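Structure data (compact mmCIF, C-alpha atoms (C1' of nucleotides)) from data02.txt:
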# COMPACT_ATOMS: atom_id res chain seq x y z
CA MET A 1 -22.46 -18.57 5.92
CA ASP A 2 -25.47 -16.42 5.41
CA GLN A 3 -25.38 -13.38 7.64
CA SER A 4 -28.92 -12.84 8.87
CA SER A 5 -29.71 -10.51 11.71
CA ALA A 6 -31.69 -13.22 13.51
CA ASN A 7 -29.34 -13.56 16.46
CA PHE A 8 -28.31 -9.95 16.74
CA ARG A 9 -28.51 -8.16 20.05
CA SER A 10 -31.46 -6.14 18.83
CA HIS A 11 -33.38 -5.05 15.78
CA CYS A 12 -32.07 -1.58 15.44
CA PRO A 13 -30.56 -0.09 12.29
CA ILE A 14 -27.61 1.37 14.15
CA ASN A 15 -26.94 -1.97 15.73
CA TYR A 16 -27.31 -3.72 12.36
CA LEU A 17 -24.37 -1.80 10.95
CA LEU A 18 -22.36 -2.33 14.11
CA GLU A 19 -22.85 -6.06 14.07
CA THR A 20 -22.19 -6.52 10.35
CA ILE A 21 -19.35 -4.14 9.55
CA GLY A 22 -18.80 -2.33 12.83
CA ASP A 23 -15.30 -3.29 13.89
CA LYS A 24 -12.02 -1.38 13.70
CA TRP A 25 -10.96 -2.71 10.30
CA THR A 26 -13.85 -3.50 7.99
CA LEU A 27 -14.81 0.03 7.04
CA LEU A 28 -11.22 0.74 6.00
CA ILE A 29 -11.49 -1.95 3.35
CA VAL A 30 -14.76 -0.46 2.18
CA ARG A 31 -13.05 2.92 2.02
CA ASP A 32 -10.23 1.50 -0.12
CA LEU A 33 -12.72 -0.04 -2.54
CA MET A 34 -14.96 3.00 -2.59
CA PHE A 35 -12.52 5.92 -2.77
CA LYS A 36 -9.06 4.57 -3.53
CA GLY A 37 -9.75 2.29 -6.47
CA LYS A 38 -8.22 -0.70 -4.74
CA HIS A 39 -9.29 -4.19 -5.76
CA TYR A 40 -6.59 -6.61 -4.64
CA PHE A 41 -5.34 -8.22 -1.44
CA GLY A 42 -1.93 -6.65 -1.72
CA GLU A 43 -3.40 -3.21 -2.28
CA PHE A 44 -5.44 -3.38 0.93
CA LEU A 45 -2.37 -4.57 2.79
CA LYS A 46 -0.46 -1.44 1.81
CA SER A 47 -2.86 1.00 3.49
CA ASP A 48 -1.49 3.23 6.22
CA GLU A 49 -3.27 1.50 9.08
CA GLY A 50 -1.20 -1.66 8.65
CA ILE A 51 -3.73 -4.47 8.66
CA SER A 52 -2.19 -7.91 9.02
CA THR A 53 -2.74 -10.68 6.54
CA ASN A 54 -4.88 -12.93 8.72
CA ILE A 55 -7.22 -10.08 9.66
CA LEU A 56 -7.50 -8.97 6.07
CA THR A 57 -8.47 -12.48 4.95
CA ASP A 58 -11.01 -12.70 7.72
CA ARG A 59 -12.64 -9.36 6.97
CA LEU A 60 -12.77 -9.92 3.23
CA ASN A 61 -14.58 -13.19 3.88
CA LYS A 62 -16.99 -11.55 6.31
CA LEU A 63 -17.67 -8.76 3.83
CA GLU A 64 -18.51 -11.39 1.25
CA ASP A 65 -20.70 -13.26 3.74
CA CYS A 66 -22.76 -10.21 4.53
CA GLY A 67 -23.13 -9.24 0.88
CA VAL A 68 -21.04 -6.09 0.78
CA VAL A 69 -18.18 -7.37 -1.39
CA THR A 70 -17.81 -9.84 -4.24
CA LYS A 71 -14.79 -12.00 -4.88
CA GLN A 72 -13.94 -13.36 -8.32
CA ILE A 73 -10.89 -14.76 -10.01
CA ASP A 74 -8.97 -11.96 -11.64
CA ALA A 75 -9.15 -12.37 -15.40
CA ASP A 76 -5.60 -11.10 -15.91
CA ASN A 77 -4.00 -13.17 -13.21
CA ALA A 78 -5.68 -16.35 -12.07
CA THR A 79 -3.60 -16.58 -8.90
CA ARG A 80 -5.45 -13.73 -7.29
CA GLN A 81 -8.98 -12.59 -6.57
CA LEU A 82 -10.61 -9.39 -7.71
CA TYR A 83 -12.68 -7.68 -5.00
CA ASN A 84 -15.55 -5.35 -5.74
CA LEU A 85 -18.37 -3.64 -3.91
CA THR A 86 -21.84 -5.07 -4.38
CA SER A 87 -24.80 -2.72 -4.66
CA LYS A 88 -25.21 -3.15 -0.93
CA GLY A 89 -21.64 -2.02 -0.50
CA GLN A 90 -22.03 0.84 -2.93
CA SER A 91 -25.06 2.06 -1.04
CA LEU A 92 -22.78 2.79 1.88
CA LEU A 93 -21.52 5.82 -0.02
CA PRO A 94 -23.71 8.39 1.77
CA VAL A 95 -22.70 6.92 5.12
CA MET A 96 -19.02 7.15 4.21
CA LEU A 97 -19.34 10.69 2.95
CA GLU A 98 -21.12 11.83 6.10
CA ILE A 99 -18.49 10.17 8.26
CA THR A 100 -15.84 11.98 6.27
CA ARG A 101 -17.65 15.27 6.67
CA TRP A 102 -18.03 14.75 10.41
CA SER A 103 -14.42 13.80 11.01
CA ALA A 104 -13.21 16.66 8.86
CA GLN A 105 -14.28 19.03 11.63
CA PHE A 106 -11.93 17.45 14.14
CA ASP A 107 -9.16 15.60 12.33
CA GLU A 108 -6.33 16.84 10.19
CA LEU A 109 -7.05 15.92 6.61
CA THR A 110 -4.97 15.33 3.54
CA ASN A 111 -5.43 17.85 0.77
CA ALA A 112 -7.34 15.28 -1.24
CA ASP A 113 -9.82 14.74 1.59
CA LYS A 114 -10.14 18.48 2.19
CA ALA A 115 -11.04 18.98 -1.46
CA LEU A 116 -13.52 16.11 -1.30
CA VAL A 117 -15.31 17.53 1.74
CA LYS A 118 -15.37 21.02 0.35
CA LEU A 119 -16.88 19.88 -2.91
CA TYR A 120 -19.30 17.59 -1.10
CA GLU A 121 -20.63 20.43 1.01
CA LYS A 122 -21.02 22.63 -2.02
CA ASP A 123 -22.46 20.06 -4.41
CA PRO A 124 -23.03 16.60 -2.90
CA GLN A 125 -24.58 15.16 -6.03
CA GLN A 126 -21.53 15.98 -8.09
CA VAL A 127 -19.29 14.14 -5.65
CA ILE A 128 -21.56 11.13 -5.65
CA GLU A 129 -21.64 10.97 -9.44
CA LYS A 130 -17.90 11.38 -9.68
CA ILE A 131 -17.21 8.54 -7.28
CA LYS A 132 -19.77 6.26 -8.84
CA SER A 133 -18.20 6.80 -12.22
CA ASN A 134 -15.12 4.98 -10.97
CA TRP A 135 -16.97 1.79 -10.10
CA MET B 1 -7.34 12.71 29.12
CA ASP B 2 -7.43 14.72 25.96
CA GLN B 3 -8.24 12.61 22.95
CA SER B 4 -6.08 13.84 20.11
CA SER B 5 -5.57 11.91 16.94
CA ALA B 6 -1.80 12.18 17.22
CA ASN B 7 -1.15 8.51 17.78
CA PHE B 8 -3.83 7.14 15.53
CA ARG B 9 -3.04 4.52 12.93
CA SER B 10 -3.48 7.08 10.17
CA HIS B 11 -4.87 10.49 9.31
CA CYS B 12 -7.99 9.42 7.55
CA PRO B 13 -11.49 10.63 8.38
CA ILE B 14 -12.95 7.14 8.28
CA ASN B 15 -10.26 5.96 10.64
CA TYR B 16 -10.84 8.95 12.91
CA LEU B 17 -14.39 7.87 13.60
CA LEU B 18 -13.33 4.26 14.02
CA GLU B 19 -10.69 5.11 16.58
CA THR B 20 -12.82 7.55 18.57
CA ILE B 21 -16.29 6.01 18.64
CA GLY B 22 -15.91 2.93 16.45
CA ASP B 23 -16.56 0.01 18.75
CA LYS B 24 -19.59 -2.19 19.22
CA TRP B 25 -21.21 -0.12 22.01
CA THR B 26 -20.46 3.58 21.77
CA LEU B 27 -22.76 4.44 18.89
CA LEU B 28 -25.68 2.82 20.72
CA ILE B 29 -25.28 5.34 23.53
CA VAL B 30 -25.18 8.14 20.98
CA ARG B 31 -28.35 6.71 19.45
CA ASP B 32 -30.09 6.70 22.82
CA LEU B 33 -29.15 10.33 23.43
CA MET B 34 -29.96 11.40 19.90
CA PHE B 35 -33.20 9.59 19.13
CA LYS B 36 -34.57 8.12 22.33
CA GLY B 37 -34.41 11.08 24.67
CA LYS B 38 -32.31 9.19 27.19
CA HIS B 39 -30.07 11.10 29.58
CA TYR B 40 -29.28 8.85 32.53
CA PHE B 41 -27.13 5.84 33.33
CA GLY B 42 -30.10 3.64 34.17
CA GLU B 43 -31.83 4.56 30.92
CA PHE B 44 -28.87 3.49 28.81
CA LEU B 45 -28.68 0.26 30.78
CA LYS B 46 -32.23 -0.65 29.82
CA SER B 47 -31.62 -0.70 26.07
CA ASP B 48 -32.25 -3.94 24.20
CA GLU B 49 -28.61 -4.72 23.55
CA GLY B 50 -27.91 -5.29 27.23
CA ILE B 51 -24.77 -3.31 27.94
CA SER B 52 -23.18 -4.12 31.27
CA THR B 53 -22.47 -1.52 33.92
CA ASN B 54 -18.71 -1.51 33.66
CA ILE B 55 -18.77 -1.09 29.88
CA LEU B 56 -21.34 1.67 30.11
CA THR B 57 -19.19 3.57 32.60
CA ASP B 58 -16.16 3.14 30.39
CA ARG B 59 -17.90 4.31 27.22
CA LEU B 60 -19.54 7.31 28.86
CA ASN B 61 -16.11 8.39 30.09
CA LYS B 62 -14.57 7.90 26.66
CA LEU B 63 -17.38 9.84 25.04
CA GLU B 64 -16.69 12.66 27.44
CA ASP B 65 -12.95 12.44 26.76
CA CYS B 66 -13.41 12.78 23.03
CA GLY B 67 -15.87 15.64 23.37
CA VAL B 68 -19.05 13.97 22.20
CA VAL B 69 -20.92 13.91 25.50
CA THR B 70 -21.12 16.16 28.56
CA LYS B 71 -21.68 14.99 32.10
CA GLN B 72 -23.17 17.22 34.78
CA ILE B 73 -24.80 16.72 38.12
CA ASP B 74 -28.53 16.36 37.62
CA ALA B 75 -30.26 19.37 39.14
CA ASP B 76 -33.23 17.30 40.31
CA ASN B 77 -31.24 14.52 41.85
CA ALA B 78 -27.69 15.14 42.94
CA THR B 79 -26.88 11.44 43.18
CA ARG B 80 -26.83 11.05 39.43
CA GLN B 81 -25.28 12.61 36.36
CA LEU B 82 -27.11 14.10 33.43
CA TYR B 83 -25.61 13.16 30.07
CA ASN B 84 -26.03 15.25 26.95
CA LEU B 85 -24.63 15.46 23.46
CA THR B 86 -22.16 18.24 22.76
CA SER B 87 -22.29 20.05 19.45
CA LYS B 88 -19.70 17.56 18.25
CA GLY B 89 -22.06 14.79 19.24
CA GLN B 90 -25.05 16.49 17.71
CA SER B 91 -23.23 16.86 14.44
CA LEU B 92 -23.24 13.10 14.16
CA LEU B 93 -26.90 13.32 13.24
CA PRO B 94 -26.43 13.04 9.45
CA VAL B 95 -24.13 10.05 9.97
CA MET B 96 -26.71 8.35 12.18
CA LEU B 97 -29.53 9.04 9.75
CA GLU B 98 -27.58 7.67 6.80
CA ILE B 99 -26.67 4.56 8.77
CA THR B 100 -30.33 4.10 9.58
CA ARG B 101 -31.28 4.53 5.95
CA TRP B 102 -28.65 2.03 4.83
CA SER B 103 -29.59 -0.62 7.37
CA ALA B 104 -33.28 -0.15 6.63
CA GLN B 105 -32.69 -1.85 3.29
CA PHE B 106 -31.48 -5.06 4.92
CA ASP B 107 -32.76 -5.24 8.47
CA GLU B 108 -36.23 -5.61 9.86
CA LEU B 109 -37.25 -2.33 11.40
CA THR B 110 -39.68 -1.28 14.07
CA ASN B 111 -42.62 0.78 12.88
CA ALA B 112 -41.09 3.85 14.44
CA ASP B 113 -37.87 3.38 12.49
CA LYS B 114 -39.77 2.66 9.29
CA ALA B 115 -41.65 5.92 9.66
CA LEU B 116 -38.42 7.79 10.38
CA VAL B 117 -36.70 6.45 7.27
CA LYS B 118 -39.71 7.08 5.08
CA LEU B 119 -40.00 10.66 6.23
CA TYR B 120 -36.23 11.17 5.98
CA GLU B 121 -36.20 10.05 2.35
CA LYS B 122 -39.11 12.30 1.53
CA ASP B 123 -38.02 15.35 3.48
CA PRO B 124 -34.66 15.05 5.24
CA GLN B 125 -34.69 18.60 6.53
CA GLN B 126 -37.96 18.08 8.34
CA VAL B 127 -36.58 15.04 10.14
CA ILE B 128 -33.45 16.90 11.13
CA GLU B 129 -35.44 19.83 12.51
CA LYS B 130 -37.78 17.56 14.39
CA ILE B 131 -34.97 15.66 16.08
CA LYS B 132 -33.04 18.81 16.91
CA SER B 133 -36.12 20.27 18.53
CA ASN B 134 -35.84 17.58 21.20
CA TRP B 135 -32.32 18.56 22.27
C1' DC C 1 2.62 -12.34 -4.64
C1' DT C 2 -2.13 -14.30 -2.78
C1' DG C 3 -3.85 -15.95 0.64
C1' DT C 4 -4.35 -19.35 4.97
C1' DA C 5 -3.10 -21.32 9.43
C1' DT C 6 -0.96 -21.27 13.89
C1' DC C 7 0.87 -19.37 18.02
C1' DC C 8 0.40 -16.37 21.63
C1' DT C 9 -0.50 -12.03 23.92
C1' DT C 10 -3.58 -8.48 24.99
C1' DA C 11 -7.95 -6.02 24.98
C1' DG C 12 -12.91 -6.48 25.32
C1' DG C 13 -16.40 -7.41 27.97
C1' DG C 14 -19.88 -10.47 30.90
C1' DA C 15 -21.11 -11.41 35.77
C1' DT C 16 -21.30 -9.68 39.85
C1' DA C 17 -19.82 -7.66 44.30
C1' DC C 18 -19.54 -3.45 46.21
C1' DT C 19 -19.78 1.73 47.67
C1' DG C 20 -22.34 6.06 48.22
C1' DC D 1 -30.60 3.79 42.00
C1' DA D 2 -25.81 5.60 40.12
C1' DG D 3 -21.56 4.25 39.24
C1' DT D 4 -17.01 1.71 40.15
C1' DA D 5 -13.98 -2.22 40.82
C1' DT D 6 -12.64 -6.99 40.38
C1' DC D 7 -12.54 -11.52 38.53
C1' DC D 8 -12.11 -14.21 34.76
C1' DC D 9 -13.01 -15.92 30.26
C1' DT D 10 -13.25 -15.23 25.36
C1' DA D 11 -12.47 -12.84 21.11
C1' DA D 12 -9.44 -9.72 18.59
C1' DG D 13 -5.54 -9.41 16.45
C1' DG D 14 -0.14 -8.96 15.80
C1' DA D 15 3.84 -11.78 14.17
C1' DT D 16 5.09 -14.97 11.37
C1' DA D 17 5.47 -19.53 9.15
C1' DC D 18 3.61 -21.76 5.50
C1' DA D 19 1.32 -23.38 0.88
C1' DG D 20 -0.01 -22.54 -3.93
Take the structure in this file and express it as structure tokens.
Amino acid sequence: MDQSSANFRSHCPINYLLETIGDKWTLLIVRDLMFKGKHYFGEFLKSDEGISTNILTDRLNKLEDCGVVTKQIDADNATRQLYNLTSKGQSLLPVMLEITRWSAQFDELTNADKALVKLYEKDPQQVIEKIKSNW
Amino acid sequence: MDQSSANFRSHCPINYLLETIGDKWTLLIVRDLMFKGKHYFGEFLKSDEGISTNILTDRLNKLEDCGVVTKQIDADNATRQLYNLTSKGQSLLPVMLEITRWSAQFDELTNADKALVKLYEKDPQQVIEKIKSNW
DNA sequence: CTGTATCCTTAGGGATACTG
DNA sequence: CAGTATCCCTAAGGATACAG
């Protein structure tokens, strides 16, 4: 199904994000693709938040529907799919980094996240390039 | 109730935002406070998305609980509360601007939002100063 | 292991009545 | 008008069985 914003509650950019990827799970999958180098169903399943299999299937499909993620047969193992961010998904990077920076003020972070935020505040472009180089 | 992240699903900055203000309504209230100059219950009610009164009450209380919004008796009219962003709420500005910029690529925007995004991409600091000057 | 489907409980939230 | 409370229905999602 094509995800147009035609029947959204409003035409508002904040609302657009909320209605496409604004639930309690979707952005965690984006995070795993963007920062953790994950690409497979089983890898997403293993994340700390404990997503269940039916929800994961549903969100991966919705992410594909709204053009944030691609799905393709994995070349090395035809029984599974390889998930990747589209350019639309990749362009969420500044949003994700600003969310990280905001939360860092109030949440306990892992050392890896602390280092990320510190470097991002010092030299945002370097962080962006570094992350992009892993895609 | 104090909103600590102690019993969250994980310690992850993305998850922190999702569990504190990551539902389908909360960020719209933040938007109204941040960009639309709204400060009162009835003003939030009038937004295009059509939030209902019970949900609005609930979200305003949760925003207060997690330290994003303050509530105080309105000096001009003691029958209502005046809502404002705290510094924690104000520091969501870069997140909100990046969300707006992302959605602008895919959603139809109002002329006002188009102008905001255009100016933000040209001179982010100017946009930030301008918005802050309204707080 | 990669997903999908089903069952069932709970949380989200719309409509609306109600109080100050 | 500002805000709360209740009623009730639907969507979200956990557990888990199942198929390839």
Go through chain D residue by residue and, counting all atoms listed in the file, keep those with an atom at most 12 Å from chain A; for each kept residue give the shortest atom pair and its distance in Å to one decimal, ordered by chain and increasing number, as a Markdown table.
| residue | atom | partner | partner_atom | distance |
| --- | --- | --- | --- | --- |
| D:DA12 | C1' | A:Ile55 | CA | 9.2 |
| D:DG13 | C1' | A:Ile55 | CA | 7.0 |
| D:DG14 | C1' | A:Ser52 | CA | 7.2 |
| D:DA15 | C1' | A:Ser52 | CA | 8.8 |
| D:DT16 | C1' | A:Thr53 | CA | 10.2 |
| D:DG20 | C1' | A:Thr79 | CA | 8.6 |
Q. Which protein, DNA or RNA residues have an atom at most 10 Å from (-33.4, 1.5, 43.2), counting only C-alpha atoms (C1' of nucleotides)? List them as a list in words.
A.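 Here the neighbourhood of the point contains Gly42 of chain B; DC1 and DA2 of chain D.
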(Q) Could you tell me how far atom CA of A:Lys24 sits from atom CA of B:Gly22, in Å to one decimal place? (A) 6.4 Å
Q: Pick out the closest residue to chain C from this set: A:Asn77, A:Arg31, A:Pro13, A:Asp65. Count all atoms listed in the file.
A: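 Of all the options, A:Asn77 lies closest to chain C.
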Q.
Please compute the atom CA of B:Lys132-atom CA of A:Ile21 distance, one decimal, in Å.
A. 27.7 Å
Please report, as a tab-separated table, each residue of chain A lying at most 10 Å from chain B, together with the nearest pair of atoms and the separation in Å rounded to one decimal; use only C-alpha atoms, and order rows by chain and ascending residue number.
residue	atom	partner	partner_atom	distance
A:Ser4	CA	B:Asp107	CA	8.5
A:Ser5	CA	B:Asp107	CA	6.9
A:Ala6	CA	B:Asp107	CA	9.5
A:Phe8	CA	B:Glu49	CA	8.6
A:Arg9	CA	B:Glu49	CA	4.9
A:Ser10	CA	B:Glu49	CA	5.7
A:His11	CA	B:Leu109	CA	6.4
A:Cys12	CA	B:Leu109	CA	6.6
A:Pro13	CA	B:Thr100	CA	5.0
A:Ile14	CA	B:Thr100	CA	6.0
A:Asn15	CA	B:Leu28	CA	7.0
A:Tyr16	CA	B:Ser103	CA	6.3
A:Leu17	CA	B:Ser103	CA	6.4
A:Leu18	CA	B:Lys24	CA	5.8
A:Glu19	CA	B:Lys24	CA	7.2
A:Thr20	CA	B:Ser103	CA	9.9
A:Ile21	CA	B:Lys24	CA	9.9
A:Gly22	CA	B:Lys24	CA	6.4
A:Asp23	CA	B:Asp23	CA	6.0
A:Lys24	CA	B:Leu18	CA	5.8
A:Trp25	CA	B:Leu18	CA	8.2
A:Thr26	CA	B:Leu18	CA	9.8
A:Leu27	CA	B:Ile14	CA	7.5
A:Leu28	CA	B:Ile14	CA	7.0
A:Val30	CA	B:Ile14	CA	9.9
A:Arg31	CA	B:Ile14	CA	7.6
A:Ser47	CA	B:Ser10	CA	9.1
A:Asp48	CA	B:Ser10	CA	5.9
A:Glu49	CA	B:Arg9	CA	4.9
A:Gly50	CA	B:Arg9	CA	7.7
A:Ile51	CA	B:Arg9	CA	10.0
A:Lys88	CA	B:Trp102	CA	8.5
A:Gly89	CA	B:Trp102	CA	9.7
A:Ser91	CA	B:Trp102	CA	6.9
A:Leu92	CA	B:Trp102	CA	6.6
A:Leu93	CA	B:Glu98	CA	9.3
A:Pro94	CA	B:Glu98	CA	6.4
A:Val95	CA	B:Glu98	CA	5.2
A:Met96	CA	B:Ile14	CA	7.3
A:Leu97	CA	B:Val95	CA	8.5
A:Glu98	CA	B:Val95	CA	5.2
A:Ile99	CA	B:Val95	CA	5.9
A:Thr100	CA	B:Pro13	CA	5.0
A:Arg101	CA	B:Pro13	CA	7.9
A:Trp102	CA	B:Leu92	CA	6.6
A:Ser103	CA	B:Pro13	CA	5.1
A:Ala104	CA	B:Pro13	CA	6.3
A:Gln105	CA	B:Lys88	CA	8.7
A:Phe106	CA	B:Tyr16	CA	8.7
A:Asp107	CA	B:Pro13	CA	6.8
A:Glu108	CA	B:His11	CA	6.6
A:Leu109	CA	B:His11	CA	6.4
A:Thr110	CA	B:His11	CA	7.5
A:Asp113	CA	B:Pro13	CA	8.1
Can you find the residues with an atom no farther than 12 Å from (-16.9, -11.3, 32.6), counting only C-alpha atoms (C1' of nucleotides), and report them as a PDB file with C-alpha atoms (C1' of nucleotides), keeping the file's coordinate frame?
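Dumped everything to out.pdb:
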ATOM      1  CA  SER B  52     -23.180  -4.120  31.270  1.00  0.00           C
ATOM      2  CA  THR B  53     -22.470  -1.520  33.920  1.00  0.00           C
ATOM      3  CA  ASN B  54     -18.710  -1.510  33.660  1.00  0.00           C
ATOM      4  CA  ILE B  55     -18.770  -1.090  29.880  1.00  0.00           C
TER       5      ILE B  55
ATOM      6  C1'  DG C  12     -12.910  -6.480  25.320  1.00  0.00           C
ATOM      7  C1'  DG C  13     -16.400  -7.410  27.970  1.00  0.00           C
ATOM      8  C1'  DG C  14     -19.880 -10.470  30.900  1.00  0.00           C
ATOM      9  C1'  DA C  15     -21.110 -11.410  35.770  1.00  0.00           C
ATOM     10  C1'  DT C  16     -21.300  -9.680  39.850  1.00  0.00           C
TER      11       DT C  16
ATOM     12  C1'  DT D   6     -12.640  -6.990  40.380  1.00  0.00           C
ATOM     13  C1'  DC D   7     -12.540 -11.520  38.530  1.00  0.00           C
ATOM     14  C1'  DC D   8     -12.110 -14.210  34.760  1.00  0.00           C
ATOM     15  C1'  DC D   9     -13.010 -15.920  30.260  1.00  0.00           C
ATOM     16  C1'  DT D  10     -13.250 -15.230  25.360  1.00  0.00           C
TER      17       DT D  10
END
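Reported to one decimal place, the separation of atom CA of A:Leu56 from atom CA of A:Ser133 is 26.4 Å.
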Q) Using only C-alpha atoms (C1' of nucleotides), which chain C residues lie at most 9 Å away from chain A, written as a PyMOL selection string? A) chain C and resi 1-5
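Residues surrounding C:DT19 within 10 Å are DG3, DT4 and DA5 of chain D [all atoms listed in the file; sequence separation below 3 positions excluded].
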Serialized selection, C-alpha atoms (C1' of nucleotides), as a PDB file, in the coordinates of the input:
ATOM      1  C1'  DG D   3     -21.560   4.250  39.240  1.00  0.00           C
ATOM      2  C1'  DT D   4     -17.010   1.710  40.150  1.00  0.00           C
ATOM      3  C1'  DA D   5     -13.980  -2.220  40.820  1.00  0.00           C
TER       4       DA D   5
END
Please extract chain D and write it out with C-alpha atoms (C1' of nucleotides), as a CSV table (one decimal), in the first residue's frame.
chain,number,residue,atom,x,y,z
D,1,DC,C1',-14.7,28.5,28.9
D,2,DA,C1',-11.4,25.2,31.6
D,3,DG,C1',-10.8,20.9,32.9
D,4,DT,C1',-12.3,16.1,34.7
D,5,DA,C1',-14.8,11.8,34.7
D,6,DT,C1',-17.2,8.0,32.5
D,7,DC,C1',-18.6,4.9,29.0
D,8,DC,C1',-17.4,2.1,25.5
D,9,DC,C1',-15.2,0.6,21.4
D,10,DT,C1',-11.1,-0.2,18.7
D,11,DA,C1',-6.2,-0.6,18.0
D,12,DA,C1',-1.8,-2.0,20.0
D,13,DG,C1',0.7,-5.5,21.2
D,14,DG,C1',2.4,-9.7,24.3
D,15,DA,C1',2.5,-14.9,24.1
D,16,DT,C1',2.9,-18.3,21.4
D,17,DA,C1',1.7,-21.7,17.8
D,18,DC,C1',2.8,-22.5,13.3
D,19,DA,C1',4.9,-22.8,8.3
D,20,DG,C1',8.8,-22.6,5.1
